>>> print(open('start.cif').read())   # mmCIF, C-alpha atoms
data_work
#
loop_
_atom_site.label_atom_id
_atom_site.label_comp_id
_atom_site.auth_asym_id
_atom_site.auth_seq_id
_atom_site.Cartn_x
_atom_site.Cartn_y
_atom_site.Cartn_z
CA MET A 22 0.00 0.00 0.00
CA PRO A 23 1.57 3.33 -1.06
CA LEU A 24 2.03 6.22 1.35
CA PRO A 25 -0.73 8.85 1.01
CA LEU A 26 1.46 11.56 -0.58
CA GLN A 27 3.55 9.22 -2.73
CA GLY A 28 4.05 10.89 -6.12
CA VAL A 29 3.38 14.38 -4.72
CA ARG A 30 6.29 16.78 -5.16
CA VAL A 31 6.97 19.53 -2.60
CA LEU A 32 9.23 22.54 -3.19
CA ASP A 33 10.56 23.60 0.21
CA LEU A 34 12.22 27.01 0.51
CA THR A 35 12.05 27.09 4.31
CA ASN A 36 14.76 27.47 6.92
CA VAL A 37 15.37 26.72 10.63
CA MET A 38 12.33 25.01 12.28
CA ALA A 39 8.69 25.95 11.55
CA GLY A 40 8.87 25.32 7.80
CA PRO A 41 11.31 22.39 7.93
CA TYR A 42 9.09 20.66 10.51
CA CYS A 43 6.10 21.04 8.19
CA SER A 44 8.00 19.73 5.16
CA MET A 45 9.50 16.87 7.20
CA VAL A 46 6.01 15.59 8.01
CA LEU A 47 4.98 15.96 4.36
CA GLY A 48 8.01 13.80 3.57
CA ASP A 49 7.02 11.31 6.27
CA LEU A 50 3.62 11.09 4.53
CA GLY A 51 5.39 10.05 1.33
CA ALA A 52 5.93 13.31 -0.57
CA GLU A 53 9.12 13.94 -2.53
CA VAL A 54 10.47 17.04 -0.76
CA ILE A 55 13.04 19.13 -2.63
CA LYS A 56 14.69 21.44 -0.12
CA VAL A 57 16.12 24.57 -1.73
CA GLU A 58 18.99 25.93 0.36
CA SER A 59 21.14 29.01 -0.06
CA LEU A 60 24.78 28.53 -1.04
CA GLU A 61 25.57 28.86 2.69
CA GLY A 62 22.93 26.28 3.66
CA ASP A 63 20.04 26.15 6.13
CA SER A 64 20.97 28.08 9.29
CA THR A 65 20.58 24.95 11.41
CA ARG A 66 23.49 23.31 9.58
CA THR A 67 25.69 25.45 11.86
CA PHE A 68 24.02 24.22 15.07
CA GLU A 69 25.97 22.13 17.55
CA PRO A 70 26.44 19.31 18.28
CA LYS A 71 28.18 18.22 15.10
CA VAL A 72 29.40 14.78 14.11
CA ARG A 73 32.04 14.80 11.33
CA ASP A 74 31.05 18.44 10.74
CA GLU A 75 27.36 17.60 10.17
CA SER A 76 24.78 19.14 12.50
CA TYR A 77 22.80 16.53 14.42
CA CYS A 78 19.98 19.09 14.85
CA PHE A 79 19.69 19.55 11.09
CA ALA A 80 19.85 15.81 10.54
CA VAL A 81 16.94 15.10 12.91
CA LEU A 82 14.68 17.78 11.38
CA ASN A 83 15.33 17.20 7.67
CA ARG A 84 14.88 13.49 6.97
CA ASN A 85 13.00 12.37 3.86
CA LYS A 86 14.23 15.35 1.81
CA LYS A 87 16.51 16.11 -1.11
CA SER A 88 18.79 19.17 -1.05
CA ILE A 89 19.61 21.54 -3.88
CA ALA A 90 21.83 24.53 -3.10
CA LEU A 91 21.53 27.64 -5.25
CA ASP A 92 21.77 31.41 -5.34
CA LEU A 93 18.17 32.65 -5.23
CA LYS A 94 19.26 36.21 -6.05
CA SER A 95 20.66 35.23 -9.44
CA PRO A 96 18.40 35.17 -12.53
CA ALA A 97 19.49 31.59 -13.21
CA GLY A 98 18.64 30.59 -9.63
CA ARG A 99 15.19 32.19 -9.93
CA GLU A 100 14.65 30.32 -13.20
CA ILE A 101 15.49 27.00 -11.53
CA VAL A 102 13.02 27.65 -8.72
CA LEU A 103 10.19 28.49 -11.13
CA LYS A 104 10.96 25.41 -13.24
CA LEU A 105 10.73 23.36 -10.07
CA ALA A 106 7.47 25.11 -9.10
CA ALA A 107 6.01 24.15 -12.47
CA GLY A 108 6.35 20.47 -11.56
CA CYS A 109 5.38 20.66 -7.88
CA GLU A 110 1.97 20.41 -6.24
CA ILE A 111 3.05 22.24 -3.06
CA MET A 112 5.48 25.09 -2.38
CA LEU A 113 6.53 26.42 1.05
CA GLU A 114 8.51 29.48 2.13
CA ASN A 115 9.28 31.28 5.39
CA PHE A 116 11.23 34.33 4.34
CA ARG A 117 10.48 37.70 5.92
CA PRO A 118 7.30 39.05 4.22
CA GLY A 119 8.10 40.80 0.95
CA VAL A 120 11.33 38.90 0.22
CA VAL A 121 9.86 36.29 -2.16
CA LYS A 122 8.20 39.03 -4.21
CA LYS A 123 11.55 40.83 -4.46
CA LEU A 124 13.18 37.58 -5.57
CA GLY A 125 10.44 36.96 -8.14
CA ILE A 126 9.36 33.63 -6.61
CA ASP A 127 6.18 34.71 -4.82
CA TYR A 128 2.76 33.10 -5.25
CA GLU A 129 1.89 35.12 -8.35
CA ALA A 130 5.12 34.07 -10.07
CA ALA A 131 4.69 30.44 -9.01
CA LYS A 132 1.04 30.49 -10.13
CA GLN A 133 2.06 31.66 -13.58
CA ALA A 134 4.37 28.66 -13.80
CA ASN A 135 1.80 26.31 -12.25
CA PRO A 136 -1.81 27.58 -11.95
CA GLY A 137 -2.80 24.70 -9.63
CA ILE A 138 0.02 25.08 -7.12
CA ILE A 139 -0.64 25.18 -3.37
CA TYR A 140 1.67 27.86 -1.99
CA ALA A 141 2.19 28.28 1.78
CA SER A 142 3.94 31.14 3.55
CA MET A 143 5.07 31.15 7.18
CA SER A 144 6.28 34.22 9.04
CA GLY A 145 6.57 35.75 12.48
CA PHE A 146 3.40 37.84 12.35
CA GLY A 147 1.64 37.16 9.04
CA GLN A 148 1.80 38.87 5.67
CA THR A 149 -0.48 41.80 6.60
CA GLY A 150 -1.22 44.06 9.57
CA PRO A 151 0.91 46.53 11.56
CA TYR A 152 3.66 43.92 12.11
CA GLY A 153 3.43 42.39 8.65
CA ARG A 154 7.01 43.38 7.75
CA LYS A 155 8.46 42.61 11.17
CA GLY A 156 10.77 39.63 11.55
CA GLY A 157 10.01 37.15 14.28
CA PHE A 158 11.44 34.16 16.09
CA ASP A 159 9.83 31.69 18.48
CA ILE A 160 10.84 33.60 21.61
CA ILE A 161 9.37 36.85 20.24
CA ALA A 162 6.05 35.10 19.57
CA GLN A 163 6.09 33.47 23.01
CA GLY A 164 6.48 36.90 24.58
CA MET A 165 3.86 38.64 22.44
CA SER A 166 1.25 35.86 22.73
CA GLY A 167 1.19 36.10 26.53
CA VAL A 168 2.59 32.59 26.88
CA MET A 169 5.73 33.73 28.70
CA MET A 170 3.66 35.53 31.34
CA MET A 171 1.67 32.38 32.09
CA THR A 172 4.64 30.00 32.17
CA GLY A 173 6.80 29.32 35.22
CA TYR A 174 5.93 29.94 38.87
CA PRO A 175 3.88 32.76 40.42
CA GLY A 176 5.99 35.82 41.15
CA GLY A 177 8.85 34.66 38.94
CA ARG A 178 10.26 36.21 35.79
CA PRO A 179 8.53 35.44 32.49
CA ALA A 180 9.53 31.94 31.37
CA LYS A 181 9.93 30.46 27.90
CA VAL A 182 8.27 27.12 27.21
CA GLY A 183 11.04 24.52 27.18
CA ILE A 184 10.60 23.70 23.48
CA ALA A 185 10.14 25.98 20.45
CA MET A 186 6.37 25.90 20.91
CA HIS A 187 5.35 28.61 18.43
CA ASP A 188 7.69 27.30 15.72
CA ILE A 189 6.18 23.84 15.98
CA ALA A 190 2.64 25.27 16.28
CA CYS A 191 3.18 27.23 13.06
CA GLY A 192 4.59 24.17 11.30
CA VAL A 193 1.63 22.02 12.37
CA THR A 194 -0.90 24.75 11.49
CA THR A 195 0.61 25.19 8.03
CA LEU A 196 0.69 21.42 7.61
CA TYR A 197 -3.04 21.00 8.15
CA GLY A 198 -3.66 24.03 5.94
CA ILE A 199 -1.66 22.43 3.13
CA LEU A 200 -3.38 19.07 3.54
CA GLY A 201 -6.77 20.79 3.60
CA ALA A 202 -5.91 22.76 0.45
CA PHE A 203 -4.64 19.58 -1.21
CA ILE A 204 -7.89 17.75 -0.45
CA GLY A 205 -9.75 20.78 -1.80
CA LYS A 206 -7.71 20.64 -4.98
CA LEU A 207 -8.43 16.93 -5.41
CA ARG A 208 -12.15 17.63 -5.04
CA HIS A 209 -12.49 20.96 -6.83
CA GLY A 210 -9.43 21.17 -9.07
CA GLU A 211 -7.93 24.43 -7.80
CA GLY A 212 -4.80 25.28 -5.86
CA GLN A 213 -4.55 28.25 -3.52
CA TYR A 214 -2.37 30.48 -1.38
CA LEU A 215 -2.30 30.11 2.40
CA GLU A 216 -0.28 31.63 5.20
CA SER A 217 0.17 31.38 8.94
CA SER A 218 2.42 32.94 11.54
CA LEU A 219 4.25 32.03 14.73
CA LEU A 220 2.12 34.47 16.73
CA GLU A 221 -1.29 33.32 15.46
CA ALA A 222 -0.49 29.61 15.55
CA GLY A 223 0.62 29.84 19.18
CA LEU A 224 -2.34 32.02 20.19
CA ALA A 225 -4.69 29.44 18.67
CA TRP A 226 -3.51 26.90 21.26
CA SER A 227 -4.50 29.06 24.27
CA ILE A 228 -8.04 27.68 24.52
CA TRP A 229 -8.68 27.76 28.29
CA GLU A 230 -6.94 31.10 28.72
CA PHE A 231 -8.95 32.71 25.90
CA SER A 232 -12.17 31.32 27.38
CA ALA A 233 -11.39 32.64 30.86
CA TRP A 234 -10.46 36.12 29.62
CA PHE A 235 -13.56 36.64 27.51
CA GLY A 236 -15.80 34.71 29.88
CA SER A 237 -14.89 36.49 33.10
CA GLY A 238 -12.00 38.90 32.50
CA GLU A 239 -9.53 36.55 34.19
CA GLN A 240 -5.91 37.36 33.37
CA PRO A 241 -3.96 34.09 32.92
CA THR A 242 -0.82 34.14 35.06
CA ALA A 243 1.90 31.63 35.87
CA THR A 244 0.69 28.64 37.88
CA GLY A 245 3.76 26.40 37.96
CA THR A 246 2.62 22.90 37.04
CA ARG A 247 -1.00 23.43 38.06
CA HIS A 248 -4.03 23.33 35.80
CA ARG A 249 -6.12 26.50 35.85
CA ARG A 250 -9.45 24.69 36.07
CA VAL A 251 -8.82 21.37 37.82
CA ALA A 252 -7.28 20.18 41.11
CA PRO A 253 -5.43 18.10 42.08
CA TYR A 254 -3.72 18.30 38.71
CA GLN A 255 -0.02 19.11 38.98
CA ALA A 256 3.41 17.75 39.92
CA TYR A 257 3.98 16.94 43.60
CA ARG A 258 7.30 16.49 45.37
CA THR A 259 8.27 12.94 46.30
CA GLN A 260 11.14 11.45 48.26
CA ASP A 261 13.37 11.37 45.17
CA GLY A 262 11.77 13.74 42.66
CA TYR A 263 8.27 14.60 41.49
CA VAL A 264 5.11 12.75 40.48
CA THR A 265 2.31 14.14 38.32
CA VAL A 266 -1.30 13.60 39.37
CA GLY A 267 -4.34 14.15 37.16
CA ALA A 268 -7.24 13.58 39.53
CA SER A 269 -9.75 15.61 37.53
CA GLY A 270 -13.42 14.98 38.23
CA GLU A 271 -15.12 13.64 41.35
CA LYS A 272 -14.56 9.96 40.60
CA LEU A 273 -10.80 10.36 40.25
CA TRP A 274 -10.61 12.71 43.26
CA ARG A 275 -12.39 10.13 45.38
CA ALA A 276 -10.06 7.36 44.19
CA PHE A 277 -7.01 9.52 44.83
CA ALA A 278 -8.06 10.44 48.37
CA THR A 279 -9.15 6.95 49.41
CA GLN A 280 -6.87 4.58 47.47
CA VAL A 281 -3.69 6.54 46.71
CA VAL A 282 -3.00 8.71 49.76
CA ASP A 283 -5.41 6.98 52.18
CA ARG A 284 -7.06 10.18 53.38
CA PRO A 285 -10.82 9.50 53.07
CA HIS A 286 -11.59 12.36 55.48
CA TRP A 287 -10.50 14.82 52.77
CA LEU A 288 -13.78 13.99 51.04
CA GLU A 289 -15.61 15.64 53.96
CA ASP A 290 -13.35 18.69 54.10
CA PRO A 291 -15.44 21.70 52.94
CA ARG A 292 -12.36 23.23 51.28
CA PHE A 293 -12.22 20.31 48.86
CA ALA A 294 -15.91 19.49 48.45
CA ARG A 295 -16.06 20.45 44.76
CA ASN A 296 -13.51 20.89 42.01
CA GLU A 297 -13.81 24.69 41.95
CA LEU A 298 -13.13 24.76 45.71
CA ARG A 299 -10.10 22.51 45.29
CA VAL A 300 -8.77 24.89 42.64
CA LYS A 301 -9.40 27.85 44.97
CA ASN A 302 -7.63 26.06 47.84
CA ALA A 303 -4.86 24.52 45.74
CA ASP A 304 -2.11 25.85 48.05
CA ALA A 305 -3.57 24.09 51.08
CA LEU A 306 -4.23 20.93 49.07
CA GLU A 307 -0.68 20.89 47.72
CA ALA A 308 0.80 21.20 51.22
CA LEU A 309 -1.32 18.31 52.49
CA ILE A 310 -0.53 16.08 49.52
CA GLU A 311 3.20 16.74 49.64
CA GLU A 312 3.34 15.88 53.35
CA ILE A 313 2.40 12.40 52.19
CA THR A 314 4.09 12.07 48.79
CA ALA A 315 7.44 13.25 50.17
CA THR A 316 7.63 10.12 52.32
CA GLN A 317 8.00 7.68 49.40
CA PRO A 318 9.85 7.63 46.06
CA THR A 319 8.17 8.52 42.77
CA ALA A 320 7.94 4.90 41.59
CA PHE A 321 5.92 4.01 44.69
CA TRP A 322 3.31 6.68 43.94
CA VAL A 323 3.12 5.84 40.23
CA GLU A 324 2.33 2.25 41.17
CA LYS A 325 -0.36 3.41 43.62
CA LEU A 326 -1.89 5.79 41.07
CA ASP A 327 -1.96 3.10 38.40
CA ALA A 328 -3.58 0.60 40.77
CA ALA A 329 -6.29 3.15 41.63
CA GLY A 330 -6.90 4.09 37.99
CA VAL A 331 -5.81 7.69 38.59
CA PRO A 332 -3.67 9.17 35.77
CA GLY A 333 -0.16 9.92 36.99
CA GLY A 334 3.47 9.51 36.12
CA PRO A 335 7.06 10.40 36.94
CA VAL A 336 8.61 13.77 36.08
CA TYR A 337 11.55 12.76 33.92
CA THR A 338 14.71 14.41 32.77
CA TYR A 339 14.92 14.24 28.97
CA ASP A 340 17.34 11.31 28.94
CA GLN A 341 15.01 9.39 31.25
CA ALA A 342 12.06 10.13 28.94
CA LEU A 343 13.88 8.73 25.91
CA ALA A 344 15.04 5.66 27.84
CA ASP A 345 11.58 4.81 29.20
CA PRO A 346 10.61 1.27 28.09
CA HIS A 347 7.22 2.47 26.83
CA VAL A 348 8.82 5.20 24.68
CA GLN A 349 11.26 2.60 23.37
CA HIS A 350 8.45 0.13 22.66
CA ARG A 351 6.56 2.81 20.71
CA ARG A 352 9.72 3.45 18.63
CA MET A 353 10.01 7.15 19.38
CA VAL A 354 13.78 6.69 19.16
CA TYR A 355 14.56 5.48 15.65
CA ASP A 356 17.88 4.22 14.27
CA LEU A 357 19.02 5.65 10.96
CA GLU A 358 22.18 5.54 8.82
CA HIS A 359 23.40 8.99 7.74
CA PRO A 360 25.92 9.28 4.87
CA THR A 361 28.39 11.34 6.95
CA ILE A 362 27.31 10.99 10.59
CA GLY A 363 26.94 7.24 10.24
CA PRO A 364 24.59 5.36 12.60
CA MET A 365 22.41 7.94 14.35
CA LYS A 366 19.18 8.33 16.26
CA THR A 367 16.23 10.35 15.04
CA LEU A 368 12.82 11.04 16.53
CA GLY A 369 10.32 8.33 15.71
CA LEU A 370 6.91 8.68 14.12
CA PRO A 371 4.20 9.82 16.56
CA LEU A 372 1.45 8.39 14.33
CA LYS A 373 0.72 4.68 14.34
CA SER A 374 -1.72 3.31 11.77
CA SER A 375 -3.26 0.13 10.42
CA GLY A 376 -2.08 0.92 6.89
CA GLU A 377 0.82 2.80 5.31
CA LEU A 378 0.59 6.41 6.50
CA THR A 379 4.03 7.71 7.49
CA GLN A 380 7.50 6.31 7.04
CA ILE A 381 11.11 7.32 7.66
CA ARG A 382 12.62 6.46 4.29
CA GLN A 383 15.91 8.33 4.10
CA PRO A 384 18.26 10.45 6.24
CA ALA A 385 18.66 14.21 5.98
CA PRO A 386 20.59 15.27 2.87
CA LEU A 387 24.04 16.74 2.72
CA HIS A 388 24.14 20.38 1.59
CA GLY A 389 23.45 20.30 -2.14
CA GLN A 390 23.56 16.50 -2.26
CA HIS A 391 20.86 16.30 -4.94
CA THR A 392 21.67 19.45 -6.94
CA GLY A 393 22.83 17.55 -10.02
CA GLU A 394 20.03 14.99 -9.85
CA VAL A 395 17.31 17.64 -9.55
CA LEU A 396 18.72 19.85 -12.31
CA ARG A 397 19.04 16.92 -14.70
CA GLY A 398 15.44 16.02 -13.87
CA LEU A 399 14.50 19.53 -15.04
CA GLY A 400 16.23 18.91 -18.38
CA TYR A 401 19.61 20.56 -17.73
CA SER A 402 22.47 18.82 -19.54
CA ASP A 403 25.68 17.80 -17.78
CA ALA A 404 27.44 20.73 -19.47
CA GLU A 405 24.77 23.17 -18.25
CA VAL A 406 24.99 21.80 -14.71
CA GLY A 407 28.78 22.19 -14.86
CA ALA A 408 28.43 25.78 -16.04
CA LEU A 409 26.01 26.63 -13.22
CA LEU A 410 28.47 25.12 -10.73
CA SER A 411 31.45 27.04 -12.12
CA GLN A 412 29.44 30.29 -12.18
CA GLY A 413 28.55 29.86 -8.51
CA VAL A 414 24.81 29.70 -9.18
CA VAL A 415 24.50 26.27 -7.58
CA ARG A 416 26.52 24.10 -5.22
CA ALA A 417 26.77 20.31 -5.13
CA THR A 418 28.12 17.89 -2.54
CA ARG A 419 29.06 14.28 -3.19
CA VAL A 420 28.13 11.55 -0.73
CA PRO A 421 31.36 10.09 0.70
CA SER A 422 32.03 6.61 -0.63
#
>>> encode(input="start.cif", output="structure tokens")
Amino acid sequence: MPLPLQGVRVLDLTNVMAGPYCSMVLGDLGAEVIKVESLEGDSTRTFEPKVRDESYCFAVLNRNKKSIALDLKSPAGREIVLKLAAGCEIMLENFRPGVVKKLGIDYEAAKQANPGIIYASMSGFGQTGPYGRKGGFDIIAQGMSGVMMMTGYPGGRPAKVGIAMHDIACGVTTLYGILGAFIGKLRHGEGQYLESSLLEAGLAWSIWEFSAWFGSGEQPTATGTRHRRVAPYQAYRTQDGYVTVGASGEKLWRAFATQVVDRPHWLEDPRFARNELRVKNADALEALIEEITATQPTAFWVEKLDAAGVPGGPVYTYDQALADPHVQHRRMVYDLEHPTIGPMKTLGLPLKSSGELTQIRQPAPLHGQHTGEVLRGLGYSDAEVGALLSQGVVRATRVPS
């Protein structure tokens, strides 16, 4: 059974994370992704750590892609991009707004080459509006979306989410936009232009906070590990670390109080009689719970929670998370052979399916590894490819033998 996007060609002009994450998943779904890099390469090729001068970060994010390196500012480079666009169903870019128009590779130019193309733009703040020309990175979006003010502990400095949340949110948002547009094209025969931004994609994930602000004027602030609407629902200190507890709802609260911590009298305590009261009295509840959880190690409480049917788990360091037997069983750490790095690990596929849906087929490309192959596929002769190389329009890298 073929992968769902097998035979679909994607032209990827993106850099760093949001766009490359989106195109990586398109590649996982079976698309042929042609990554167009500058002569200097994607910025993440410089990121440490490096193995044999290849960035491990780049290698994890850019599997299932081909790389062609060219000078987008040159007329010959622009011509190559538009020839590629003519044979692609999907095109992605994440330059600062206005740059692709200046380069002559914007949606209108791509549409002339391919009227049915689906063209997606990603940026910090979108293509229009007061900040439409402003550059943006993940941390800027985290600050401007309010996320930094609601992350961390009460009274502390604003805190960044531990991962590049807005980058990934923008990549995922653009991904479902592209897939939606592609389904629309299959049904109605027309391509289209779509765009998203780091700021909007991250804001779209703030469901409870949005609801509270417009529902009651509540300003979302930092709550540590606590949920804003449910208690007990946070990480509690144990003898050797922390354990998370998700006792949301009366049934789970009752099980937690009676079977996990053996405090049935808490069910009669007026401070904890209903969920909204437990949220209001979360400080007192935390102190009482931690008096108990601090007496035993995390593994003890996880076993008790599991036996009682109350969701809970250990708070891991990242190395512990990757080494967990369940994570290993679900193949979220995947072995791959890279042409320069050699045997390496990459993140596994988070989707499991009954049929062929996603697949890790090939490692990340070397910079310009497929330049010759792609140009010859466009009809360039060996002599023409050689001329483009000698003129500095394109760059090619051979796979070490």
>>> residues_near_point(input="start.cif", point="(7.2, 34.8, 15.0)", cutoff="7 Å", atoms="only C-alpha atoms", output="PyMOL selection string")
chain A and resi 144-146+156-159+161-162+218-220
>>> closest_residue(input="start.cif", among="A:Gly245, A:Pro118, A:Gly363, A:Gly177", to="Gly150 of chain A", atoms="only C-alpha atoms")
A:Pro118
>>> resolve_selection(input="start.cif", expression="the PyMOL selection byres ((chain A and resi 183) around 12)", output="ChimeraX atom specification")
/A:159-160,163,168-169,172-173,180-182,184-187,339
>>> resolve_selection(input="start.cif", expression="the PyMOL selection byres ((chain A and resi 89) around 12)", output="MDAnalysis selection string")
chainID A and resid 32:34 54:63 86:88 90:93 98 101:102 105 386:397 410 414:419
>>> closest_residue(input="start.cif", among="A:Glu129, A:Glu69, A:Asp261, A:Ser142", to="Asn36 of chain A", atoms="all atoms listed in the file")
A:Ser142
>>> atom_distance(input="start.cif", atom1="atom CA of Gln260 of chain A", atom2="atom CA of Thr319 of chain A")
6.9 Å
>>> resolve_selection(input="start.cif", expression="the PyMOL selection byres ((chain A and resi 134) around 7)", output="PyMOL selection string")
chain A and resi 103+106-107+130-133+135-136
>>> residues_near_point(input="start.cif", point="(8.1, 16.5, -6.4)", cutoff="8 Å", atoms="all atoms listed in the file", output="ChimeraX atom specification")
/A:28-32,52-55,108-110
>>> atom_distance(input="start.cif", atom1="atom CA of Ala276 of chain A", atom2="atom CA of Tyr337 of chain A")
24.5 Å
>>> closest_residue(input="start.cif", among="A:Leu215, A:Met112, A:Met165, A:Cys78", to="Thr195 of chain A", atoms="all atoms listed in the file")
A:Leu215
>>> atom_distance(input="start.cif", atom1="atom CA of Thr367 of chain A", atom2="atom CA of Arg84 of chain A")
8.8 Å
>>> closest_residue(input="start.cif", among="A:Met171, A:Leu409, A:Pro96, A:Arg250", to="Ala233 of chain A", atoms="all atoms listed in the file")
A:Arg250
>>> closest_residue(input="start.cif", among="A:His359, A:Asp283, A:Leu24, A:Val348", to="Pro371 of chain A", atoms="all atoms listed in the file")
A:Val348
>>> closest_residue(input="start.cif", among="A:Ile111, A:Val354, A:Leu124, A:Val81", to="Ser95 of chain A", atoms="all atoms listed in the file")
A:Leu124
>>> axis_aligned_box(input="start.cif", around="segment 192-195 of chain A", padding_each_side="5 Å", output="lines of an AutoDock Vina configuration file")
center_x = 1.8
center_y = 23.6
center_z = 10.2
size_x = 15.5
size_y = 13.2
size_z = 14.3
>>> residues_around(input="start.cif", residues="Pro364 of chain A", least_positions_apart="4", cutoff="12 Å", atoms="only C-alpha atoms", output="ChimeraX atom specification")
/A:72,77,80,355-360,384
